[in-house]
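Peer 1: Next up is a structure, given as structure tokens.
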Amino acid sequence: MKLNRRRLVWQLYPSYLLLIFSVMLTAGWYLSGELRSFHYRQTADDLRARALLVEPQLQGQLKSIDRELLDLQIKRLGSQSATRITLIRKDGQVLADSDDDAAKMDNHSQRPEVLQALSGQTGKSVRFSNTLGQSLMYVAIPVYEMGALAGCLRTAIPVSDIDATLKGIYLQLILGGLVIAILLAPACWWLSRKLSRPLELMTAGAQRFARGDLDLPLPITGSAETGRLAMAMNQMAVELAERIGREVAQRNETEAILGCMVEGIVAVDNDERVIRLNMAAAELFAVSPHLQPGRPIQEVIRQAELQRFIRQALSQQEPLVEELVMHGPNKRYLHVQATPLTGKVDERIGVLLVLHDLTRLRQLESVRRDFVANVSHELKTPITAISGAVETLLDEDATNDTSQRFLQIILKQNNRLIALVEDLLDLSRIEQEAIQGGCELTIAPLCLVLERARAACETQLQQQQIDLHINCSEQLRARINASLLEQAIINLLTNACKYSEPGAQVIVEATELATQVSISVQDFGCGIEQEHLPRLFERFYRADQARTRNLGGTGLGLAIVKHVAQAQGGEVEVTSTPGVGSIFTILLPKARG
């Protein structure tokens with residue numbers, strides 16, 4: 001924004017000229033007043049002196065009967081002294097006047113100068129004379145005869161004579177002032193430039209600093225104040241250059257780090273506008289990495305799921321993690337983490353997204369699932385055939401103990417293979433349904449699912465003499481897939497029976513939490529060491545290898561439980577204490593509506 005302001009020199013120079021003229025006018029006004037007063041005092045003193053010179057010549061004339069002689073004498077004295085002389089009696093009657101006929105003149109007893117003179121003092125007055133038609137200065141002195149006040153003698157001259165003298169003096173003062181002003185004008189210009197030049201140099205230097213040219217320091221000139229200002233600006237330029245260098249280095253480091261990251265980074269402000277994205281994110285969404293900041297995310301990345309995720313992340317204060325599917329020519333799977341982005345004073349300015357491309361991993365997992373499902377399906381037929389053949393041999397050759405013993409081993413291991421294949425097929429089916437969204441969920445009572453799971457495990461419960469208690473309200477309902485949830489409960493009950501002593505107790509409890517429904521299976525068996533708990537739900541993971549094989553486990557039961565919970569939008573947890581028992585908990589979303 002350009003400011004329409006005058007340069008400093010054009011502010012100082014007229015100010016100095018105005019100050020000089022003001023001083024000269026003030027001085028001229030004061031001197032003219034003093035000269036006028038001085039000249040008036042001198043004139044008054046001169047008139048008084050003239051009156052004192054005339055007064056002895058008129059002694060004894062105030063009571064003279066011959067007024068014509070007195071009048072001639074006054075006129076002669078006034079003509080000789082170029083002064084108007086008036087002789088006034090004590091009662092104010094004019095006896096004689098050098099410039100007019102005394103008989104025609106008014107009584108002067110009320111004239112200011114006459115009043116002062118008749119009171120015994122020297123009277124002074126400047127006023128307009130109606131007789132002569134011009135302003136006069138009057139000076140009157142008292143006149144005494146025989147020691148008594150007899151009247152007064154007044155002398156006067158026109159003020160125009162005084163003004164003419166003063167005008168000459170005023171003209172000389174004005175001409176002298178003009179000459180002084182003309183002589184001082186260059187000095188004022190030089191002083192204005194001397195004061196403004198350092199500031200102009202510093203302004204030019206500051207403009208260079210603003211353009212980034214910090215190498216050339218400002219000259220230290222002018223007064224001590226401007227010199228200190230120049231030194232401060234030079235120091236500022238040095239520090240600014242150092243800070244800019246550090247910032248550039250940090251920015252280059254940040255650019256290098258972000259450019260080398262395989263994870264996509266996207267920063268979005270509170271208005272869903274892109275602040276920044278790195279090369280990996282640009283390649284992921286096929287956009288330019290050098291796009292102008294401030295564009296709406298809807299224009300840059302046209303993915304409805306990601307836009308929904310960003311709105312959700314902006315609406316909450318906690319970090320958010322979710323796996324998203326990006327649809328397009330090539331389907332992509334992204335693991336997205338959103339973290340609040342804060343400014344210098346901890347105010348929230350947006351969110352930072354970290355995107356991990358899981359597409360290759362998900363493709364490999366899909367290949368693995370297909371492979372496991374295909375292999376399991378293909379193995380089922382020969383395993384079933386082996387089982388049938390072994391059972392036939394057992395029935396036909398019942399007399400040979402050695403062959404019977406080996407055939408029993410083959411049958412036992414074959415049955416384990418059958419169980420393993422069945423679990424693999426179930427696990428593949430659950431994963432496939434969860435990925436394809438084919439896991440149908442309905443709102444159903446949990447009590448009925450738990451009772452069906454009890455019935456399915458009844459034989460095992462009786463063999464182990466397990467006392468099973470189910471605590472569940474008949475009104476408790478959740479959004480579930482009943483058959484899958486029943487299978488998960490059966491797996492947990494089977495494990496609880498396996499790892500509990502005969503005659504032990506198992507508790508199944510379903511409760512309603514704030515936003516979830518909890519289904520827990522608690523046993524009081526041997527328990528599990530803490531080091532095994534994080535990996536307990538992995539496929540084929542066994543906390544006790546030898547004991548698990550002896551009990552006939554496949555190592556897939558808890559993995560199936562985990563995938564059943566995830567397919568229904570829930571999760572699974574475990575707490576265990578060695579020698580005390582274990583609690584497996586399935587947490588499912590609460591039914592709405």
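Chain labels run A, B, ... following the order of the structure tokens; each chain numbers its residues from 1, and ligands are numbered from 1 in the order shown.
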Tell me which protein, DNA and RNA residues are within 7 Å of region 152-166 of chain A, counting only C-alpha atoms, leaving out same-chain ones fewer than 6 positions away, and put them as a ChimeraX atom specification.

Peer 2: /A:36,47,51,55,83-89,117-118,135-143

Peer 1: What would the file look like if the residues just selected were written as an mmCIF file, in the first residue's frame with C-alpha atoms?

Peer 2:
data_model
loop_
_atom_site.group_PDB
_atom_site.id
_atom_site.type_symbol
_atom_site.label_atom_id
_atom_site.label_comp_id
_atom_site.auth_asym_id
_atom_site.auth_seq_id
_atom_site.Cartn_x
_atom_site.Cartn_y
_atom_site.Cartn_z
ATOM 1 C CA ARG A 36 6.011 53.283 19.008
ATOM 2 C CA LEU A 47 5.864 68.472 24.303
ATOM 3 C CA ALA A 51 5.274 73.656 27.472
ATOM 4 C CA GLU A 55 4.994 78.694 30.518
ATOM 5 C CA THR A 83 3.412 73.244 18.067
ATOM 6 C CA ARG A 84 -0.187 73.808 18.858
ATOM 7 C CA ILE A 85 -0.342 75.763 22.128
ATOM 8 C CA THR A 86 -3.505 76.242 24.125
ATOM 9 C CA LEU A 87 -3.903 78.293 27.307
ATOM 10 C CA ILE A 88 -6.777 77.166 29.474
ATOM 11 C CA ARG A 89 -8.131 78.815 32.580
ATOM 12 C CA ALA A 117 -3.097 69.164 34.744
ATOM 13 C CA LEU A 118 -5.734 70.923 36.889
ATOM 14 C CA SER A 135 -5.481 62.852 15.873
ATOM 15 C CA LEU A 136 -3.149 64.782 18.176
ATOM 16 C CA MET A 137 -0.942 64.051 21.149
ATOM 17 C CA TYR A 138 -1.683 66.448 24.026
ATOM 18 C CA VAL A 139 0.517 67.282 26.983
ATOM 19 C CA ALA A 140 -0.772 69.723 29.614
ATOM 20 C CA ILE A 141 1.076 71.217 32.613
ATOM 21 C CA PRO A 142 -0.415 73.203 35.489
ATOM 22 C CA VAL A 143 0.168 76.980 35.592
#

Peer 1: Leaving out region 284-286 of chain A and any residue of its chain fewer than 2 positions from it, which residues lie within 12 Å of it when counting only C-alpha atoms, given as a tab-separated table (two decimals) with N, CA and C atoms, in the first residue's frame?

Peer 2:
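Here's the written file out.tsv:
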chain	number	residue	atom	x	y	z
A	262	VAL	N	8.70	-42.57	2.40
A	262	VAL	CA	7.82	-43.38	1.56
A	262	VAL	C	6.36	-43.19	1.98
A	263	GLU	N	6.14	-42.71	3.23
A	263	GLU	CA	4.79	-42.42	3.67
A	263	GLU	C	4.34	-41.07	3.11
A	264	GLY	N	3.08	-40.99	2.76
A	264	GLY	CA	2.52	-39.73	2.29
A	264	GLY	C	2.21	-38.81	3.47
A	265	ILE	N	2.55	-37.52	3.32
A	265	ILE	CA	2.29	-36.52	4.36
A	265	ILE	C	1.41	-35.43	3.76
A	266	VAL	N	0.28	-35.18	4.41
A	266	VAL	CA	-0.63	-34.12	3.96
A	266	VAL	C	-1.02	-33.30	5.18
A	277	LEU	N	1.95	-30.93	1.13
A	277	LEU	CA	2.02	-32.37	0.93
A	277	LEU	C	3.38	-32.71	0.34
A	278	ASN	N	3.85	-33.91	0.65
A	278	ASN	CA	5.18	-34.30	0.17
A	278	ASN	C	5.08	-35.08	-1.14
A	279	MET	N	6.24	-35.48	-1.64
A	279	MET	CA	6.30	-36.14	-2.94
A	279	MET	C	5.54	-37.47	-2.94
A	280	ALA	N	5.67	-38.21	-1.84
A	280	ALA	CA	4.98	-39.51	-1.78
A	280	ALA	C	3.47	-39.34	-1.86
A	281	ALA	N	2.93	-38.34	-1.16
A	281	ALA	CA	1.49	-38.10	-1.21
A	281	ALA	C	1.08	-37.62	-2.60
A	282	ALA	N	1.91	-36.78	-3.23
A	282	ALA	CA	1.60	-36.29	-4.57
A	282	ALA	C	1.55	-37.46	-5.56
A	288	SER	N	0.33	-32.58	-8.43
A	288	SER	CA	1.64	-31.92	-8.45
A	288	SER	C	2.11	-31.65	-7.03
A	289	PRO	N	3.37	-31.96	-6.71
A	289	PRO	CA	3.87	-31.68	-5.36
A	289	PRO	C	4.10	-30.19	-5.11
A	291	LEU	N	1.89	-27.72	-5.84
A	291	LEU	CA	0.63	-26.99	-5.97
A	291	LEU	C	0.57	-25.84	-4.98
A	297	ILE	N	-9.13	-29.24	-0.04
A	297	ILE	CA	-8.73	-30.63	-0.19
A	297	ILE	C	-9.65	-31.34	-1.17
A	299	GLU	N	-10.65	-30.22	-3.97
A	299	GLU	CA	-10.16	-30.00	-5.33
A	299	GLU	C	-8.88	-30.78	-5.60
A	300	VAL	N	-8.07	-30.97	-4.56
A	300	VAL	CA	-6.76	-31.61	-4.75
A	300	VAL	C	-6.90	-33.13	-4.77
A	301	ILE	N	-7.59	-33.68	-3.77
A	301	ILE	CA	-7.73	-35.14	-3.64
A	301	ILE	C	-9.22	-35.48	-3.70
A	302	ARG	N	-9.62	-36.07	-4.80
A	302	ARG	CA	-11.05	-36.37	-5.01
A	302	ARG	C	-11.35	-37.79	-4.52
A	303	GLN	N	-11.30	-37.95	-3.20
A	303	GLN	CA	-11.60	-39.22	-2.57
A	303	GLN	C	-12.56	-38.95	-1.41
A	306	LEU	N	-11.46	-40.23	2.14
A	306	LEU	CA	-10.43	-39.42	2.78
A	306	LEU	C	-10.98	-38.07	3.24
A	326	MET	N	-9.19	-46.48	-1.23
A	326	MET	CA	-9.26	-45.45	-2.25
A	326	MET	C	-9.68	-46.08	-3.57
A	327	HIS	N	-10.86	-45.71	-4.04
A	327	HIS	CA	-11.38	-46.26	-5.28
A	327	HIS	C	-10.90	-45.45	-6.47
A	328	GLY	N	-10.73	-46.10	-7.58
A	328	GLY	CA	-10.25	-45.46	-8.80
A	328	GLY	C	-9.85	-46.51	-9.81
A	329	PRO	N	-9.03	-46.13	-10.79
A	329	PRO	CA	-8.55	-47.13	-11.75
A	329	PRO	C	-7.83	-48.28	-11.07
A	330	ASN	N	-7.06	-47.96	-10.02
A	330	ASN	CA	-6.38	-48.98	-9.22
A	330	ASN	C	-6.79	-48.81	-7.77
A	331	LYS	N	-7.45	-49.80	-7.22
A	331	LYS	CA	-7.88	-49.72	-5.84
A	331	LYS	C	-6.66	-49.72	-4.92
A	332	ARG	N	-6.69	-48.80	-3.94
A	332	ARG	CA	-5.58	-48.69	-3.01
A	332	ARG	C	-6.10	-48.80	-1.57
A	333	TYR	N	-5.29	-49.41	-0.73
A	333	TYR	CA	-5.61	-49.53	0.68
A	333	TYR	C	-4.61	-48.65	1.45
A	334	LEU	N	-5.15	-47.72	2.24
A	334	LEU	CA	-4.30	-46.77	2.97
A	334	LEU	C	-4.56	-46.89	4.47
A	355	LEU	N	0.04	-41.17	5.63
A	355	LEU	CA	-0.61	-42.20	4.85
A	355	LEU	C	0.37	-43.32	4.51
A	356	HIS	N	0.05	-44.52	4.94
A	356	HIS	CA	0.85	-45.70	4.62
A	356	HIS	C	0.11	-46.50	3.54
A	357	ASP	N	0.77	-46.76	2.44
A	357	ASP	CA	0.16	-47.50	1.34
A	357	ASP	C	0.25	-49.00	1.65
A	358	LEU	N	-0.91	-49.60	1.93
A	358	LEU	CA	-0.97	-51.03	2.27
A	358	LEU	C	-1.45	-51.87	1.10
A	359	THR	N	-1.48	-51.29	-0.08
A	359	THR	CA	-2.06	-52.00	-1.22
A	359	THR	C	-1.31	-53.30	-1.49

Peer 1: Among region 253-345 of chain A, which ones does DSSP assign to strand (DSSP E or B) (computed from the backbone)? Answer as a ChimeraX atom specification.

Peer 2: /A:264-269,273-277,296,320-326,332-342

Peer 1: For those residues, write C-alpha atoms to a file as an mmCIF file, in the first residue's frame.

Peer 2:
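File selection-v9.cif, as written:
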data_model
loop_
_atom_site.group_PDB
_atom_site.id
_atom_site.type_symbol
_atom_site.label_atom_id
_atom_site.label_comp_id
_atom_site.auth_asym_id
_atom_site.auth_seq_id
_atom_site.Cartn_x
_atom_site.Cartn_y
_atom_site.Cartn_z
ATOM 1 C CA GLY A 264 2.520 -39.730 2.291
ATOM 2 C CA ILE A 265 2.294 -36.519 4.360
ATOM 3 C CA VAL A 266 -0.633 -34.123 3.959
ATOM 4 C CA ALA A 267 -1.184 -31.063 6.197
ATOM 5 C CA VAL A 268 -4.695 -29.564 6.160
ATOM 6 C CA ASP A 269 -5.887 -26.420 7.983
ATOM 7 C CA ARG A 273 -7.436 -26.351 2.799
ATOM 8 C CA VAL A 274 -4.129 -27.975 1.892
ATOM 9 C CA ILE A 275 -1.133 -26.493 3.704
ATOM 10 C CA ARG A 276 1.470 -28.904 2.389
ATOM 11 C CA LEU A 277 2.020 -32.370 0.934
ATOM 12 C CA PRO A 296 -9.493 -26.968 -0.785
ATOM 13 C CA LEU A 320 -7.450 -40.713 14.730
ATOM 14 C CA VAL A 321 -6.365 -43.914 12.968
ATOM 15 C CA GLU A 322 -8.302 -45.714 10.241
ATOM 16 C CA GLU A 323 -7.773 -47.918 7.203
ATOM 17 C CA LEU A 324 -9.350 -46.481 4.052
ATOM 18 C CA VAL A 325 -10.006 -47.874 0.603
ATOM 19 C CA MET A 326 -9.259 -45.445 -2.247
ATOM 20 C CA ARG A 332 -5.582 -48.695 -3.007
ATOM 21 C CA TYR A 333 -5.606 -49.529 0.680
ATOM 22 C CA LEU A 334 -4.300 -46.773 2.975
ATOM 23 C CA HIS A 335 -3.563 -46.786 6.678
ATOM 24 C CA VAL A 336 -4.193 -43.150 7.674
ATOM 25 C CA GLN A 337 -3.120 -41.501 10.934
ATOM 26 C CA ALA A 338 -4.406 -38.010 11.775
ATOM 27 C CA THR A 339 -2.716 -35.900 14.439
ATOM 28 C CA PRO A 340 -3.801 -32.387 15.521
ATOM 29 C CA LEU A 341 -1.558 -29.663 14.068
ATOM 30 C CA THR A 342 -0.838 -26.827 16.521
#

Peer 1: In Å, with one decimal, what is the gap from CA of Met231 (chain A) to CA of Ala249 (chain A)?

Peer 2: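 Separating CA of Met231 (chain A) from CA of Ala249 (chain A) is a distance of 27.1 Å.
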
Peer 1: In Å to one decimal, how far is CA of Gln522 (chain A) from CA of Gly581 (chain A)?

Peer 2: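 We find that CA of Gly581 (chain A) and CA of Gln522 (chain A) lie 7.3 Å from each other.
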